[in-house]
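Here's query09.cif, which has mmCIF, C-alpha atoms:
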data_work
#
loop_
_atom_site.label_atom_id
_atom_site.label_comp_id
_atom_site.auth_asym_id
_atom_site.auth_seq_id
_atom_site.Cartn_x
_atom_site.Cartn_y
_atom_site.Cartn_z
CA MET Z 1 146.68 21.54 -68.30
CA ALA Z 2 147.79 21.15 -71.89
CA LEU Z 3 146.47 22.72 -75.06
CA PHE Z 4 145.59 20.23 -77.77
CA PRO Z 5 144.47 21.70 -81.13
CA PRO Z 6 141.24 20.58 -82.80
CA GLY Z 7 140.91 18.87 -86.14
CA LYS Z 8 139.60 20.64 -89.20
CA GLY Z 9 136.26 22.26 -88.47
CA GLY Z 10 136.33 21.97 -84.68
CA GLY Z 11 133.32 20.29 -83.18
CA GLU Z 12 131.52 20.09 -79.88
CA GLY Z 13 133.39 21.51 -76.87
CA VAL Z 14 135.98 23.44 -78.93
CA ALA Z 15 136.57 27.16 -78.40
CA TYR Z 16 139.15 29.88 -78.93
CA GLY Z 17 141.84 30.04 -76.24
CA TYR Z 18 145.07 31.97 -75.85
CA LYS Z 19 146.85 29.92 -78.56
CA GLY Z 20 143.94 29.57 -80.95
CA LYS Z 21 141.03 27.21 -81.32
CA GLY Z 22 141.22 24.02 -79.27
CA ILE Z 23 140.55 22.18 -76.04
CA LEU Z 24 142.34 21.78 -72.72
CA ILE Z 25 143.05 18.47 -71.06
CA HIS Z 26 143.09 18.78 -67.29
CA SER Z 27 144.62 15.96 -65.32
CA ILE Z 28 145.47 15.10 -61.73
CA THR Z 29 148.35 12.68 -61.31
CA ASP Z 30 149.80 10.80 -58.39
CA ALA Z 31 153.36 11.31 -57.13
CA ASN Z 32 154.77 9.01 -59.82
CA GLY Z 33 153.13 10.85 -62.73
CA MET Z 34 150.39 8.29 -63.33
CA PRO Z 35 147.13 10.05 -64.31
CA VAL Z 36 144.36 9.53 -61.77
CA VAL Z 37 141.67 11.79 -63.26
CA ALA Z 38 141.55 13.44 -66.69
CA MET Z 39 138.88 15.63 -68.26
CA THR Z 40 138.54 18.06 -71.17
CA THR Z 41 137.19 21.60 -71.42
CA PRO Z 42 137.07 24.22 -74.18
CA ALA Z 43 140.27 26.26 -74.46
CA ASN Z 44 138.61 29.47 -73.27
CA GLY Z 45 137.40 28.00 -69.96
CA ASP Z 46 138.70 28.87 -66.52
CA GLU Z 47 141.21 26.28 -65.34
CA ARG Z 48 140.61 26.98 -61.65
CA GLN Z 49 136.95 25.96 -61.90
CA GLN Z 50 137.94 22.39 -62.89
CA VAL Z 51 140.00 21.54 -59.79
CA LEU Z 52 137.16 20.82 -57.37
CA PRO Z 53 135.10 18.62 -59.77
CA MET Z 54 138.23 16.59 -60.55
CA LEU Z 55 139.02 16.20 -56.84
CA ALA Z 56 135.48 14.88 -56.32
CA GLN Z 57 136.18 12.04 -58.80
CA ILE Z 58 139.30 10.79 -56.99
CA ARG Z 59 139.26 7.51 -55.05
CA LEU Z 60 142.71 6.52 -53.81
CA ALA Z 61 143.37 2.88 -52.97
CA THR Z 62 145.36 2.66 -49.76
CA GLY Z 63 145.53 -1.13 -49.54
CA LYS Z 64 143.56 -1.10 -46.29
CA ARG Z 65 140.03 -2.27 -45.62
CA GLY Z 66 137.17 0.18 -45.61
CA ASN Z 67 136.24 3.16 -47.73
CA PRO Z 68 138.93 4.40 -50.11
CA LYS Z 69 140.66 7.69 -49.40
CA ARG Z 70 139.02 10.52 -51.30
CA ARG Z 71 141.59 13.31 -51.19
CA PRO Z 72 145.33 13.76 -51.61
CA LYS Z 73 147.53 15.41 -48.98
CA THR Z 74 149.00 18.06 -51.30
CA LEU Z 75 148.02 19.49 -54.66
CA ALA Z 76 150.81 20.91 -56.85
CA ALA Z 77 149.86 23.09 -59.82
CA ASP Z 78 151.24 25.87 -62.00
CA LYS Z 79 150.48 29.60 -62.05
CA GLY Z 80 147.27 29.12 -64.01
CA TYR Z 81 145.58 27.67 -60.93
CA ASP Z 82 146.60 30.47 -58.54
CA ALA Z 83 143.55 31.95 -56.81
CA ARG Z 84 142.90 32.90 -53.21
CA TRP Z 85 139.45 31.28 -53.16
CA LEU Z 86 140.89 28.01 -54.48
CA ARG Z 87 143.60 27.96 -51.82
CA GLN Z 88 140.99 28.50 -49.10
CA ARG Z 89 138.70 25.77 -50.49
CA LEU Z 90 141.58 23.27 -50.65
CA ARG Z 91 142.63 24.08 -47.07
CA THR Z 92 139.08 23.56 -45.79
CA LYS Z 93 139.14 20.11 -47.43
CA GLY Z 94 142.43 19.31 -45.68
CA ILE Z 95 144.59 19.54 -48.82
CA ARG Z 96 147.83 21.53 -48.76
CA PRO Z 97 147.83 23.79 -51.86
CA GLN Z 98 151.22 24.05 -53.53
CA LEU Z 99 150.32 26.60 -56.19
CA LYS Z 100 152.94 28.86 -57.69
CA LYS Z 101 152.03 32.54 -57.21
CA ARG Z 102 151.65 34.89 -60.14
CA GLN Z 103 154.16 37.74 -60.22
CA ILE Z 104 152.84 41.16 -61.09
CA GLY Z 105 155.11 43.42 -63.13
CA GLY Z 106 158.31 41.47 -62.47
CA LYS Z 107 158.24 42.10 -58.72
CA LYS Z 108 159.68 39.50 -56.40
CA PRO Z 109 157.08 37.69 -54.32
CA LYS Z 110 156.80 38.67 -50.66
CA GLY Z 111 157.52 36.28 -47.84
CA ARG Z 112 159.21 32.93 -47.87
CA PRO Z 113 159.37 30.96 -51.10
CA ILE Z 114 157.07 27.95 -51.38
CA ARG Z 115 158.87 24.78 -50.41
CA GLU Z 116 158.07 22.30 -53.13
CA ILE Z 117 157.27 18.93 -51.63
CA VAL Z 118 155.67 17.61 -54.79
CA PRO Z 119 157.59 18.56 -57.97
CA ARG Z 120 155.51 19.34 -61.03
CA TYR Z 121 157.54 17.42 -63.60
CA GLN Z 122 155.42 14.33 -62.95
CA GLN Z 123 152.38 16.18 -64.31
CA GLU Z 124 154.30 17.27 -67.39
CA ARG Z 125 155.49 13.68 -67.89
CA SER Z 126 151.87 12.54 -67.95
CA PHE Z 127 151.06 15.05 -70.71
CA SER Z 128 154.11 13.93 -72.70
CA TRP Z 129 152.81 10.33 -72.49
CA PHE Z 130 149.48 11.50 -73.87
CA GLN Z 131 151.21 13.37 -76.73
CA ARG Z 132 153.89 10.83 -77.67
CA LYS Z 133 152.26 7.47 -77.11
CA TYR Z 134 148.71 8.34 -78.15
CA ARG Z 135 148.78 10.43 -81.30
CA ARG Z 136 145.02 10.35 -81.51
CA LEU Z 137 144.94 12.81 -78.60
CA VAL Z 138 147.38 15.31 -80.13
CA VAL Z 139 144.95 16.57 -82.76
CA ARG Z 140 141.27 16.21 -82.02
CA TRP Z 141 139.61 14.74 -85.10
CA GLU Z 142 136.40 13.71 -83.36
CA ARG Z 143 133.51 16.12 -83.55
CA LEU Z 144 131.74 14.70 -80.50
CA LYS Z 145 133.14 15.48 -77.08
CA ALA Z 146 132.09 12.07 -75.75
CA CYS Z 147 134.21 10.26 -78.35
CA PHE Z 148 137.32 12.27 -77.54
CA ASP Z 149 136.76 11.79 -73.80
CA ALA Z 150 136.48 8.05 -74.42
CA PHE Z 151 139.86 8.06 -76.20
CA LEU Z 152 141.33 10.03 -73.28
CA LEU Z 153 139.95 7.49 -70.80
CA LEU Z 154 141.30 4.64 -72.94
CA ALA Z 155 144.78 6.25 -73.02
CA THR Z 156 144.67 6.69 -69.23
CA SER Z 157 143.77 3.02 -68.77
CA TYR Z 158 146.58 1.95 -71.14
CA ILE Z 159 149.05 3.96 -69.06
CA TRP Z 160 147.85 2.19 -65.89
CA PHE Z 161 147.62 -1.33 -67.40
CA PRO Z 162 151.32 -2.38 -67.12
CA LYS Z 163 151.51 -1.19 -63.52
CA LEU Z 164 148.37 -3.06 -62.48
CA VAL Z 165 149.17 -6.31 -64.29
CA GLY Z 166 152.89 -6.72 -63.75
#
Structure rendered as structure tokens:
Amino acid sequence: MALFPPGKGGGEGVAYGYKGKGILIHSITDANGMPVVAMTTPANGDERQQVLPMLAQIRLATGKRGNPKRRPKTLAADKGYDARWLRQRLRTKGIRPQLKKRQIGGKKPKGRPIREIVPRYQQERSFSWFQRKYRRLVVRWERLKACFDAFLLLATSYIWFPKLVG
């Protein structure tokens, strides 16, 4: 999740969030940091509600014949996605949730620490690609949500193009 500010006047799908008026770009990446699914929501939306619709859009190519794989083995996310119901839903789908727990009042978390199998810096690298290489996504100048989503899809395809071609 990354907060991207809107252009002057806002537009469709823009709302006030914790840092001001804007939108959130949610993205699921593979282990190398390549974005698999990306979608936008208003900045005041609940991040946890977006995980399951994004997982439904995934189709992983395994290189084998037959139907493509539809779910990853693990899902790594930050504290914003920590919820008991989300952990249970992911486990029922056969996905190992690797969500960092929220700490209340500076207390140390109980139990063993989570062993990170999938580091999160790949996700952050994907957002830095969106911000550095594609300046059109940094500030949202489009008033229509469909236009901005099209630019996001185009940026995702440009990130994948060199890997698929060469």
Problem set entry | Pick from Z:Val51, Z:Ala150, Z:Asn44, Z:Ala31, whichever lies nearest to Z:Tyr18 using only C-alpha atoms |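 Of all the options, Z:Asn44 lies closest to Z:Tyr18.
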Problem set entry | Radius query 12 Å about (140.4, 28.9, -63.2), atoms used: all atoms listed in the file, as a list in words |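 Protein and nucleic acid residues near the point are Met1, His26, Thr41, Ala43, Asn44, Gly45, Asp46, Glu47, Arg48, Gln49, Gln50, Val51, Leu52, Ala77, Asp78, Lys79, Gly80, Tyr81, Asp82, Ala83, Arg84, Trp85, Leu86 and Arg87 of chain Z.
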For this session: Extract, using only C-alpha atoms, all DNA, RNA and protein residues at most 9 Å from Z:Lys145, discarding same-chain residues fewer than 6 positions from it, and format them as number ranges by chain.
Result: Z: 11-14, 40
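Using only C-alpha atoms, the nearest neighbour of Z:Pro53 within the list Z:Gln122, Z:Asn67, Z:Thr74, Z:Ser27 is Z:Ser27.
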For this session: Name the residues that the PyMOL selection byres ((chain Z and resi 35) around 12) picks from the file above, as a VMD selection string, using the file's chain letters and numbers.
Result: chain Z and resid 25 to 34 36 to 39 54 58 60 122 to 130 152 to 161
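The coordinates place atom CA of Z:Arg71 at 7.3 Å from atom CA of Z:Ile95.
Minimum distance to Z:Arg91 across Z:Pro72, Z:Phe151, Z:Ala56, Z:Tyr121 (counting all atoms listed in the file) occurs at Z:Pro72.
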For this session: Point out the residue among Z:Pro42, Z:Gly20, Z:Pro97, Z:Gly166 with the least atom-to-atom distance to Z:Leu75, counting all atoms listed in the file.
Result: Z:Pro97
Problem set entry | Shell of 12 Å around Z:Lys69, all atoms listed in the file, local chain residues under 3 positions omitted, as a VMD selection string | chain Z and resid 55 to 66 72 to 73
Exercise. Between Z:Ile23, Z:Arg70, Z:Val139, Z:Gly111, which has the minimum distance to Z:Gly94 (counting only C-alpha atoms)?
Worked result: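 Of all the options, Z:Arg70 lies closest to Z:Gly94.
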For this session: Please measure the separation of atom CA of Z:Gln98 and atom CA of Z:Ala76, giving the value in Å to one decimal.
Result: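 Calculated distance between atom CA of Z:Gln98 and atom CA of Z:Ala76 is 4.6 Å.
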Which centre and which edge lengths, in Å to one decimal, describe the axis-aligned box that holds all listed atoms of stretch 149-165 of chain Z after 5 Å is added on each side, as lines of an AutoDock Vina configuration file?
center_x = 144.0
center_y = 2.7
center_z = -69.3
size_x = 25.0
size_y = 28.1
size_z = 23.7
For this session: Provide the atom CA of Z:Phe148 to atom CA of Z:Ala15 distance in Å, to one decimal place.
Result: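 Between these atoms lies a distance of 14.9 Å.
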